[in-house]
file my_file.cif (mmCIF, C-alpha atoms and all ligand atoms; chains and numbers go by the auth columns)
data_target
loop_
_atom_site.group_PDB
_atom_site.id
_atom_site.type_symbol
_atom_site.label_atom_id
_atom_site.label_comp_id
_atom_site.label_asym_id
_atom_site.label_seq_id
_atom_site.Cartn_x
_atom_site.Cartn_y
_atom_site.Cartn_z
_atom_site.B_iso_or_equiv
_atom_site.auth_seq_id
_atom_site.auth_asym_id
ATOM 1 C CA MET A 1 -121.789 192.894 -87.352 0.00 245 A
ATOM 2 C CA PHE A 2 -119.242 195.613 -86.593 0.00 246 A
ATOM 3 C CA LYS A 3 -118.872 194.370 -83.022 0.00 247 A
ATOM 4 C CA GLN A 4 -118.319 190.829 -84.258 0.00 248 A
ATOM 5 C CA CYS A 5 -115.632 191.996 -86.689 0.00 249 A
ATOM 6 C CA ALA A 6 -113.891 194.024 -83.988 0.00 250 A
ATOM 7 C CA LEU A 7 -113.980 191.022 -81.698 0.00 251 A
ATOM 8 C CA LEU A 8 -112.540 188.781 -84.391 0.00 252 A
ATOM 9 C CA VAL A 9 -109.689 191.225 -85.058 0.00 253 A
ATOM 10 C CA LEU A 10 -108.995 191.384 -81.326 0.00 254 A
ATOM 11 C CA LEU A 11 -108.961 187.592 -81.090 0.00 255 A
ATOM 12 C CA VAL A 12 -106.586 187.289 -84.051 0.00 256 A
ATOM 13 C CA GLN A 13 -104.262 189.782 -82.354 0.00 257 A
ATOM 14 C CA LEU A 14 -104.400 187.931 -79.064 0.00 258 A
ATOM 15 C CA ILE A 15 -103.670 184.610 -80.701 0.00 259 A
ATOM 16 C CA ASP A 16 -100.995 185.875 -83.097 0.00 260 A
ATOM 17 C CA PRO A 17 -99.172 188.960 -81.833 0.00 261 A
ATOM 18 C CA SER A 18 -96.799 188.827 -84.836 0.00 262 A
ATOM 19 C CA VAL A 19 -99.294 190.608 -87.123 0.00 263 A
ATOM 20 C CA ALA A 20 -97.342 192.972 -89.367 0.00 264 A
ATOM 21 C CA VAL A 21 -97.934 196.648 -88.722 0.00 265 A
ATOM 22 C CA VAL A 22 -95.257 198.258 -90.898 0.00 266 A
ATOM 23 C CA ARG A 23 -94.688 198.774 -94.601 0.00 267 A
ATOM 24 C CA PHE A 24 -91.290 199.973 -95.882 0.00 268 A
ATOM 25 C CA GLU A 25 -90.645 201.697 -99.207 0.00 269 A
ATOM 26 C CA ASN A 26 -88.410 204.144 -101.130 0.00 270 A
ATOM 27 C CA LEU A 27 -85.079 203.014 -99.722 0.00 271 A
ATOM 28 C CA LYS A 28 -82.036 204.992 -100.807 0.00 272 A
ATOM 29 C CA TYR A 29 -78.598 204.460 -99.347 0.00 273 A
ATOM 30 C CA GLU A 30 -74.941 205.216 -99.779 0.00 274 A
ATOM 31 C CA LEU A 31 -71.970 203.348 -98.343 0.00 275 A
ATOM 32 C CA ASN A 32 -68.450 204.800 -98.178 0.00 276 A
ATOM 33 C CA LYS A 33 -66.572 202.269 -100.303 0.00 277 A
ATOM 34 C CA ASP A 34 -63.283 203.060 -98.525 0.00 278 A
ATOM 35 C CA TYR A 35 -64.768 201.593 -95.341 0.00 279 A
ATOM 36 C CA MET A 36 -67.388 199.053 -96.346 0.00 280 A
ATOM 37 C CA HIS A 37 -69.314 197.271 -99.047 0.00 281 A
ATOM 38 C CA GLY A 38 -72.577 195.387 -99.084 0.00 282 A
ATOM 39 C CA ASN A 39 -76.299 195.931 -99.380 0.00 283 A
ATOM 40 C CA ILE A 40 -79.203 197.481 -97.554 0.00 284 A
ATOM 41 C CA PHE A 41 -82.597 196.231 -98.726 0.00 285 A
ATOM 42 C CA ILE A 42 -86.337 195.900 -98.191 0.00 286 A
ATOM 43 C CA LYS A 43 -87.941 192.463 -98.316 0.00 287 A
ATOM 44 C CA SER A 44 -91.644 191.909 -98.724 0.00 288 A
ATOM 45 C CA GLN A 45 -93.527 188.669 -98.612 0.00 289 A
ATOM 46 C CA ASN A 46 -97.250 188.064 -98.095 0.00 290 A
ATOM 47 C CA ASP A 47 -97.770 191.689 -97.053 0.00 291 A
ATOM 48 C CA LYS A 48 -95.033 191.448 -94.414 0.00 292 A
ATOM 49 C CA TYR A 49 -92.243 193.954 -94.848 0.00 293 A
ATOM 50 C CA ALA A 50 -88.738 193.784 -93.446 0.00 294 A
ATOM 51 C CA PHE A 51 -85.663 196.003 -93.606 0.00 295 A
ATOM 52 C CA GLY A 52 -82.268 194.349 -93.826 0.00 296 A
ATOM 53 C CA ALA A 53 -78.562 194.931 -94.281 0.00 297 A
ATOM 54 C CA ASP A 54 -75.548 192.778 -95.042 0.00 298 A
ATOM 55 C CA VAL A 55 -72.394 194.876 -94.868 0.00 299 A
ATOM 56 C CA GLU A 56 -68.724 194.001 -94.650 0.00 300 A
ATOM 57 C CA LEU A 57 -66.658 196.537 -92.732 0.00 301 A
ATOM 58 C CA ALA A 58 -63.089 196.620 -94.084 0.00 302 A
ATOM 59 C CA LYS A 59 -61.336 198.658 -91.388 0.00 303 A
ATOM 60 C CA LYS A 60 -61.681 199.409 -87.730 0.00 304 A
ATOM 61 C CA VAL A 61 -63.812 202.427 -86.865 0.00 305 A
ATOM 62 C CA GLU A 62 -63.103 204.179 -83.564 0.00 306 A
ATOM 63 C CA GLY A 63 -62.618 207.647 -82.148 0.00 307 A
ATOM 64 C CA SER A 64 -65.959 209.302 -82.629 0.00 308 A
ATOM 65 C CA VAL A 65 -68.926 208.175 -84.729 0.00 309 A
ATOM 66 C CA ILE A 66 -71.808 210.612 -84.935 0.00 310 A
ATOM 67 C CA ILE A 67 -75.111 209.202 -86.090 0.00 311 A
ATOM 68 C CA THR A 68 -77.897 211.637 -86.912 0.00 312 A
ATOM 69 C CA PRO A 69 -81.314 210.013 -87.121 0.00 313 A
ATOM 70 C CA HIS A 70 -83.927 212.332 -88.598 0.00 314 A
ATOM 71 C CA LEU A 71 -87.488 211.053 -88.261 0.00 315 A
ATOM 72 C CA GLN A 72 -90.314 212.939 -89.915 0.00 316 A
ATOM 73 C CA HIS A 73 -94.050 212.354 -89.759 0.00 317 A
ATOM 74 C CA LEU A 74 -96.078 213.057 -92.888 0.00 318 A
ATOM 75 C CA ILE A 75 -99.248 214.936 -91.943 0.00 319 A
ATOM 76 C CA LYS A 76 -101.528 216.311 -94.684 0.00 320 A
ATOM 77 C CA GLY A 77 -98.706 216.283 -97.235 0.00 321 A
ATOM 78 C CA GLU A 78 -96.178 218.003 -94.973 0.00 322 A
ATOM 79 C CA TYR A 79 -93.256 216.536 -93.086 0.00 323 A
ATOM 80 C CA HIS A 80 -92.997 217.296 -89.374 0.00 324 A
ATOM 81 C CA THR A 81 -89.745 216.499 -87.563 0.00 325 A
ATOM 82 C CA MET A 82 -90.172 214.142 -84.614 0.00 326 A
ATOM 83 C CA VAL A 83 -86.511 213.319 -84.003 0.00 327 A
ATOM 84 C CA ASN A 84 -83.381 215.083 -85.215 0.00 328 A
ATOM 85 C CA ILE A 85 -80.397 214.474 -82.960 0.00 329 A
ATOM 86 C CA ASP A 86 -76.662 213.776 -83.014 0.00 330 A
ATOM 87 C CA LEU A 87 -75.520 210.745 -81.105 0.00 331 A
ATOM 88 C CA ASP A 88 -71.878 209.760 -80.557 0.00 332 A
ATOM 89 C CA THR A 89 -71.981 205.961 -80.471 0.00 333 A
ATOM 90 C CA CYS A 90 -68.441 205.910 -79.054 0.00 334 A
ATOM 91 C CA LYS A 91 -69.804 207.709 -75.958 0.00 335 A
ATOM 92 C CA VAL A 92 -73.381 206.468 -75.588 0.00 336 A
ATOM 93 C CA ASP A 93 -74.901 203.188 -76.665 0.00 337 A
ATOM 94 C CA PRO A 94 -78.031 204.123 -78.680 0.00 338 A
ATOM 95 C CA VAL A 95 -80.052 201.666 -76.542 0.00 339 A
ATOM 96 C CA MET A 96 -79.330 204.116 -73.652 0.00 340 A
ATOM 97 C CA SER A 97 -80.212 207.249 -75.629 0.00 341 A
ATOM 98 C CA GLU A 98 -82.110 209.915 -73.722 0.00 342 A
ATOM 99 C CA ASN A 99 -84.478 210.211 -76.669 0.00 343 A
ATOM 100 C CA PRO A 100 -87.250 207.647 -76.072 0.00 344 A
ATOM 101 C CA ILE A 101 -87.975 207.100 -79.789 0.00 345 A
ATOM 102 C CA VAL A 102 -84.293 206.545 -80.632 0.00 346 A
ATOM 103 C CA ARG A 103 -83.866 204.347 -77.554 0.00 347 A
ATOM 104 C CA THR A 104 -86.906 202.230 -78.475 0.00 348 A
ATOM 105 C CA ILE A 105 -85.888 201.801 -82.131 0.00 349 A
ATOM 106 C CA ALA A 106 -82.337 200.892 -81.020 0.00 350 A
ATOM 107 C CA LYS A 107 -83.645 198.346 -78.498 0.00 351 A
ATOM 108 C CA GLU A 108 -85.956 196.805 -81.116 0.00 352 A
ATOM 109 C CA SER A 109 -83.015 196.657 -83.567 0.00 353 A
ATOM 110 C CA THR A 110 -80.891 194.614 -81.177 0.00 354 A
ATOM 111 C CA LYS A 111 -83.304 191.695 -81.765 0.00 355 A
ATOM 112 C CA PHE A 112 -82.280 191.656 -85.434 0.00 356 A
ATOM 113 C CA ILE A 113 -78.547 192.462 -85.450 0.00 357 A
ATOM 114 C CA ASN A 114 -75.473 190.418 -84.649 0.00 358 A
ATOM 115 C CA PHE A 115 -73.234 193.253 -83.489 0.00 359 A
ATOM 116 C CA SER A 116 -73.161 195.973 -80.865 0.00 360 A
ATOM 117 C CA LEU A 117 -74.515 199.399 -81.796 0.00 361 A
ATOM 118 C CA MET A 118 -71.782 200.962 -79.729 0.00 362 A
ATOM 119 C CA CYS A 119 -68.380 201.774 -81.247 0.00 363 A
ATOM 120 C CA PRO A 120 -65.593 200.700 -81.753 0.00 364 A
ATOM 121 C CA TYR A 121 -66.596 198.767 -84.861 0.00 365 A
ATOM 122 C CA ASN A 122 -64.174 196.019 -85.753 0.00 366 A
ATOM 123 C CA PRO A 123 -63.723 194.755 -89.312 0.00 367 A
ATOM 124 C CA GLY A 124 -66.214 192.008 -90.124 0.00 368 A
ATOM 125 C CA ARG A 125 -69.642 191.227 -91.423 0.00 369 A
ATOM 126 C CA TYR A 126 -72.580 193.179 -89.984 0.00 370 A
ATOM 127 C CA LEU A 127 -76.076 191.775 -90.419 0.00 371 A
ATOM 128 C CA LEU A 128 -79.473 193.344 -89.866 0.00 372 A
ATOM 129 C CA ASN A 129 -81.718 190.354 -90.277 0.00 373 A
ATOM 130 C CA ASP A 130 -85.269 191.272 -91.391 0.00 374 A
ATOM 131 C CA PHE A 131 -86.071 194.128 -89.028 0.00 375 A
ATOM 132 C CA THR A 132 -89.824 194.480 -88.740 0.00 376 A
ATOM 133 C CA LEU A 133 -92.441 195.637 -86.257 0.00 377 A
ATOM 134 C CA ASP A 134 -95.395 193.649 -85.015 0.00 378 A
ATOM 135 C CA SER A 135 -98.424 194.668 -83.028 0.00 379 A
ATOM 136 C CA GLU A 136 -96.498 194.103 -79.773 0.00 380 A
ATOM 137 C CA SER A 137 -93.804 196.625 -80.626 0.00 381 A
ATOM 138 C CA PRO A 138 -93.247 199.248 -77.891 0.00 382 A
ATOM 139 C CA LEU A 139 -92.651 201.812 -80.658 0.00 383 A
ATOM 140 C CA LEU A 140 -96.394 201.786 -81.378 0.00 384 A
ATOM 141 C CA LYS A 141 -96.976 203.333 -77.958 0.00 385 A
ATOM 142 C CA LEU A 142 -94.639 206.237 -78.787 0.00 386 A
ATOM 143 C CA ILE A 143 -95.614 207.251 -82.306 0.00 387 A
ATOM 144 C CA PRO A 144 -99.045 207.209 -83.948 0.00 388 A
ATOM 145 C CA ASN A 145 -100.054 205.278 -87.038 0.00 389 A
ATOM 146 C CA GLY A 146 -99.237 207.053 -90.267 0.00 390 A
ATOM 147 C CA LYS A 147 -96.497 207.711 -92.787 0.00 391 A
ATOM 148 C CA TYR A 148 -92.918 208.524 -91.874 0.00 392 A
ATOM 149 C CA LYS A 149 -89.542 209.207 -93.407 0.00 393 A
ATOM 150 C CA MET A 150 -86.397 208.099 -91.586 0.00 394 A
ATOM 151 C CA GLU A 151 -83.046 209.460 -92.682 0.00 395 A
ATOM 152 C CA LEU A 152 -79.871 208.435 -90.910 0.00 396 A
ATOM 153 C CA LYS A 153 -76.289 209.472 -91.482 0.00 397 A
ATOM 154 C CA ALA A 154 -73.158 208.151 -89.825 0.00 398 A
ATOM 155 C CA THR A 155 -70.030 210.309 -89.796 0.00 399 A
ATOM 156 C CA HIS A 156 -66.599 209.267 -88.575 0.00 400 A
ATOM 157 C CA TYR A 157 -64.111 211.522 -86.796 0.00 401 A
ATOM 158 C CA PRO A 158 -61.024 209.294 -86.299 0.00 402 A
ATOM 159 C CA THR A 159 -59.438 211.993 -84.087 0.00 403 A
ATOM 160 C CA PRO A 160 -61.048 215.124 -82.611 0.00 404 A
ATOM 161 C CA ASP A 161 -59.396 217.441 -85.176 0.00 405 A
ATOM 162 C CA ALA A 162 -59.675 215.078 -88.173 0.00 406 A
ATOM 163 C CA PRO A 163 -61.988 216.091 -90.978 0.00 407 A
ATOM 164 C CA PRO A 164 -65.363 214.295 -90.890 0.00 408 A
ATOM 165 C CA THR A 165 -65.818 211.292 -93.175 0.00 409 A
ATOM 166 C CA MET A 166 -69.230 210.016 -94.206 0.00 410 A
ATOM 167 C CA LEU A 167 -69.493 206.312 -93.344 0.00 411 A
ATOM 168 C CA PHE A 168 -72.959 205.595 -94.687 0.00 412 A
ATOM 169 C CA GLY A 169 -76.371 207.122 -94.997 0.00 413 A
ATOM 170 C CA TYR A 170 -79.851 205.952 -95.814 0.00 414 A
ATOM 171 C CA SER A 171 -83.362 207.220 -96.262 0.00 415 A
ATOM 172 C CA ILE A 172 -86.471 205.050 -95.995 0.00 416 A
ATOM 173 C CA ASP A 173 -90.189 205.700 -95.917 0.00 417 A
ATOM 174 C CA PHE A 174 -92.406 203.603 -93.712 0.00 418 A
ATOM 175 C CA GLU A 175 -96.026 203.396 -92.767 0.00 419 A
ATOM 176 C CA LEU A 176 -97.417 202.175 -89.456 0.00 420 A
ATOM 177 C CA PHE A 177 -100.943 200.856 -89.574 0.00 421 A
ATOM 178 C CA ALA A 178 -103.333 199.126 -87.205 0.00 422 A
ATOM 179 C CA ALA A 179 -102.940 195.367 -87.139 0.00 423 A
ATOM 180 C CA THR A 180 -105.832 193.844 -89.060 0.00 424 A
ATOM 181 C CA ARG A 181 -106.264 190.829 -91.271 0.00 425 A
HETATM 182 C C1 LIG B . -72.553 188.124 -88.027 0.00 1 B
HETATM 183 O O1 LIG B . -72.957 186.959 -88.724 0.00 1 B
HETATM 184 C C2 LIG B . -72.149 186.670 -89.881 0.00 1 B
HETATM 185 C C3 LIG B . -72.789 185.500 -90.619 0.00 1 B
HETATM 186 O O2 LIG B . -72.988 184.422 -89.766 0.00 1 B
HETATM 187 C C4 LIG B . -70.722 186.380 -89.431 0.00 1 B
HETATM 188 O O3 LIG B . -69.914 186.128 -90.555 0.00 1 B
HETATM 189 C C5 LIG B . -70.184 187.605 -88.680 0.00 1 B
HETATM 190 O O4 LIG B . -68.904 187.323 -88.151 0.00 1 B
HETATM 191 C C6 LIG B . -71.112 187.977 -87.532 0.00 1 B
HETATM 192 N N1 LIG B . -70.657 189.257 -87.009 0.00 1 B
HETATM 193 C C7 LIG B . -70.402 189.466 -85.698 0.00 1 B
HETATM 194 C C8 LIG B . -69.934 190.821 -85.327 0.00 1 B
HETATM 195 O O5 LIG B . -70.551 188.595 -84.869 0.00 1 B
#

call {"tool": "encode", "arguments": {"input": "my_file.cif", "output": "structure tokens"}}
result
Amino acid sequence: MFKQCALLVLLVQLIDPSVAVVRFENLKYELNKDYMHGNIFIKSQNDKYAFGADVELAKKVEGSVIITPHLQHLIKGEYHTMVNIDLDTCKVDPVMSENPIVRTIAKESTKFINFSLMCPYNPGRYLLNDFTLDSESPLLKLIPNGKYKMELKATHYPTPDAPPTMLFGYSIDFELFAATR
């Protein structure tokens, strides 16, 4: 019986690789209204979760933009940091990041966005269209199933000696689980 079930699950995965393996919750975010307005949101439908954004950037952003992704893994009620780095997107495209987790998330994101992750950022509308992960996602090979918290902040330094300005920040919890039906 168990073997038959396992085989069935395997078959379902082979036939339909787009089985959802992520659940998003507890989104909090802040946008700097002097630069942008819009929404960041979680969508859920039939047990499939997606993370999205629809943001209008009002002015050009260039110089230096430091993003600080902070990824934590929840193990036995305690958060353990897996990633906590500063990345200047005016110097390095996040899809080329030396950090394999950041690089993989950035590469996956490019399937869902209609803009470049690398600065400069021109005024316009920036869409993240239903980011999700399926059982084929390369991220699943880098981090184990379980619960996570991702916090990300973006800070703008228009000139090297200018004071830092917060552009936006968000925090989201997500859970990765084995693809089953
Ligand atoms: C992204 O798509 C929206 C909606 O179609 C469009 O208005 C916007 O100009 C696009 N942004 C870029 C950077 O191409």

call {"tool": "closest_atom_pairs", "arguments": {"input": "my_file.cif", "of": "chain A", "to": "ligand LIG 1 (chain B)", "cutoff": "9 Å", "atoms": "only C-alpha atoms and all ligand atoms", "output": "Markdown table"}}
result
| residue | atom | partner | partner_atom | distance |
| --- | --- | --- | --- | --- |
| A:Asp298 | CA | B:LIG1 | C2 | 8.7 |
| A:Glu300 | CA | B:LIG1 | C5 | 8.9 |
| A:Ile357 | CA | B:LIG1 | C1 | 7.8 |
| A:Asn358 | CA | B:LIG1 | C1 | 5.0 |
| A:Phe359 | CA | B:LIG1 | C8 | 4.5 |
| A:Ser360 | CA | B:LIG1 | C8 | 7.5 |
| A:Tyr365 | CA | B:LIG1 | C8 | 8.6 |
| A:Asn366 | CA | B:LIG1 | C8 | 7.8 |
| A:Pro367 | CA | B:LIG1 | C8 | 8.4 |
| A:Gly368 | CA | B:LIG1 | O4 | 5.8 |
| A:Arg369 | CA | B:LIG1 | C5 | 4.6 |
| A:Tyr370 | CA | B:LIG1 | N1 | 5.3 |
| A:Leu371 | CA | B:LIG1 | C1 | 5.6 |
| A:Leu372 | CA | B:LIG1 | C1 | 8.9 |

call {"tool": "resolve_selection", "arguments": {"input": "my_file.cif", "expression": "the PyMOL selection byres (((chain A and resi 344) around 12) and not hetatm)", "output": "number ranges by chain"}}
result
A: 326-327, 329, 338-343, 345-351, 382-383, 385-387

call {"tool": "write_last_selection", "arguments": {"input": "my_file.cif", "atoms": "C-alpha atoms", "output": "mmCIF file, keeping the file's coordinate frame"}}
result
data_model
loop_
_atom_site.group_PDB
_atom_site.id
_atom_site.type_symbol
_atom_site.label_atom_id
_atom_site.label_comp_id
_atom_site.auth_asym_id
_atom_site.auth_seq_id
_atom_site.Cartn_x
_atom_site.Cartn_y
_atom_site.Cartn_z
ATOM 1 C CA MET A 326 -90.172 214.142 -84.614
ATOM 2 C CA VAL A 327 -86.511 213.319 -84.003
ATOM 3 C CA ILE A 329 -80.397 214.474 -82.960
ATOM 4 C CA PRO A 338 -78.031 204.123 -78.680
ATOM 5 C CA VAL A 339 -80.052 201.666 -76.542
ATOM 6 C CA MET A 340 -79.330 204.116 -73.652
ATOM 7 C CA SER A 341 -80.212 207.249 -75.629
ATOM 8 C CA GLU A 342 -82.110 209.915 -73.722
ATOM 9 C CA ASN A 343 -84.478 210.211 -76.669
ATOM 10 C CA ILE A 345 -87.975 207.100 -79.789
ATOM 11 C CA VAL A 346 -84.293 206.545 -80.632
ATOM 12 C CA ARG A 347 -83.866 204.347 -77.554
ATOM 13 C CA THR A 348 -86.906 202.230 -78.475
ATOM 14 C CA ILE A 349 -85.888 201.801 -82.131
ATOM 15 C CA ALA A 350 -82.337 200.892 -81.020
ATOM 16 C CA LYS A 351 -83.645 198.346 -78.498
ATOM 17 C CA PRO A 382 -93.247 199.248 -77.891
ATOM 18 C CA LEU A 383 -92.651 201.812 -80.658
ATOM 19 C CA LYS A 385 -96.976 203.333 -77.958
ATOM 20 C CA LEU A 386 -94.639 206.237 -78.787
ATOM 21 C CA ILE A 387 -95.614 207.251 -82.306
#

call {"tool": "resolve_selection", "arguments": {"input": "my_file.cif", "expression": "the PyMOL selection byres (((chain A and resi 261-278) around 7) and not hetatm)", "output": "PyMOL selection string"}}
result
chain A and resi 257-260+279-281+286+292-293+376-380+410-423

call {"tool": "write_last_selection", "arguments": {"input": "my_file.cif", "atoms": "C-alpha atoms", "output": "mmCIF file, keeping the file's coordinate frame"}}
result
data_model
loop_
_atom_site.group_PDB
_atom_site.id
_atom_site.type_symbol
_atom_site.label_atom_id
_atom_site.label_comp_id
_atom_site.auth_asym_id
_atom_site.auth_seq_id
_atom_site.Cartn_x
_atom_site.Cartn_y
_atom_site.Cartn_z
ATOM 1 C CA GLN A 257 -104.262 189.782 -82.354
ATOM 2 C CA LEU A 258 -104.400 187.931 -79.064
ATOM 3 C CA ILE A 259 -103.670 184.610 -80.701
ATOM 4 C CA ASP A 260 -100.995 185.875 -83.097
ATOM 5 C CA TYR A 279 -64.768 201.593 -95.341
ATOM 6 C CA MET A 280 -67.388 199.053 -96.346
ATOM 7 C CA HIS A 281 -69.314 197.271 -99.047
ATOM 8 C CA ILE A 286 -86.337 195.900 -98.191
ATOM 9 C CA LYS A 292 -95.033 191.448 -94.414
ATOM 10 C CA TYR A 293 -92.243 193.954 -94.848
ATOM 11 C CA THR A 376 -89.824 194.480 -88.740
ATOM 12 C CA LEU A 377 -92.441 195.637 -86.257
ATOM 13 C CA ASP A 378 -95.395 193.649 -85.015
ATOM 14 C CA SER A 379 -98.424 194.668 -83.028
ATOM 15 C CA GLU A 380 -96.498 194.103 -79.773
ATOM 16 C CA MET A 410 -69.230 210.016 -94.206
ATOM 17 C CA LEU A 411 -69.493 206.312 -93.344
ATOM 18 C CA PHE A 412 -72.959 205.595 -94.687
ATOM 19 C CA GLY A 413 -76.371 207.122 -94.997
ATOM 20 C CA TYR A 414 -79.851 205.952 -95.814
ATOM 21 C CA SER A 415 -83.362 207.220 -96.262
ATOM 22 C CA ILE A 416 -86.471 205.050 -95.995
ATOM 23 C CA ASP A 417 -90.189 205.700 -95.917
ATOM 24 C CA PHE A 418 -92.406 203.603 -93.712
ATOM 25 C CA GLU A 419 -96.026 203.396 -92.767
ATOM 26 C CA LEU A 420 -97.417 202.175 -89.456
ATOM 27 C CA PHE A 421 -100.943 200.856 -89.574
ATOM 28 C CA ALA A 422 -103.333 199.126 -87.205
ATOM 29 C CA ALA A 423 -102.940 195.367 -87.139
#

call {"tool": "resolve_selection", "arguments": {"input": "my_file.cif", "expression": "the PyMOL selection byres (((chain A and resi 306) around 12) and not hetatm)", "output": "PyMOL selection string"}}
result
chain A and resi 303-305+307-310+332-335+362-367+399-404+411

call {"tool": "atom_distance", "arguments": {"input": "my_file.cif", "atom1": "atom CA of Asp337 of chain A", "atom2": "atom CA of Lys397 of chain A"}}
result
16.2 Å

call {"tool": "axis_aligned_box", "arguments": {"input": "my_file.cif", "around": "segment 378-382 of chain A", "padding_each_side": "8 Å", "output": "lines of an AutoDock Vina configuration file"}}
result
center_x = -95.8
center_y = 196.4
center_z = -81.5
size_x = 21.2
size_y = 21.6
size_z = 23.1

call {"tool": "atom_distance", "arguments": {"input": "my_file.cif", "atom1": "atom CA of Lys393 of chain A", "atom2": "atom CA of His324 of chain A"}}
result
9.7 Å
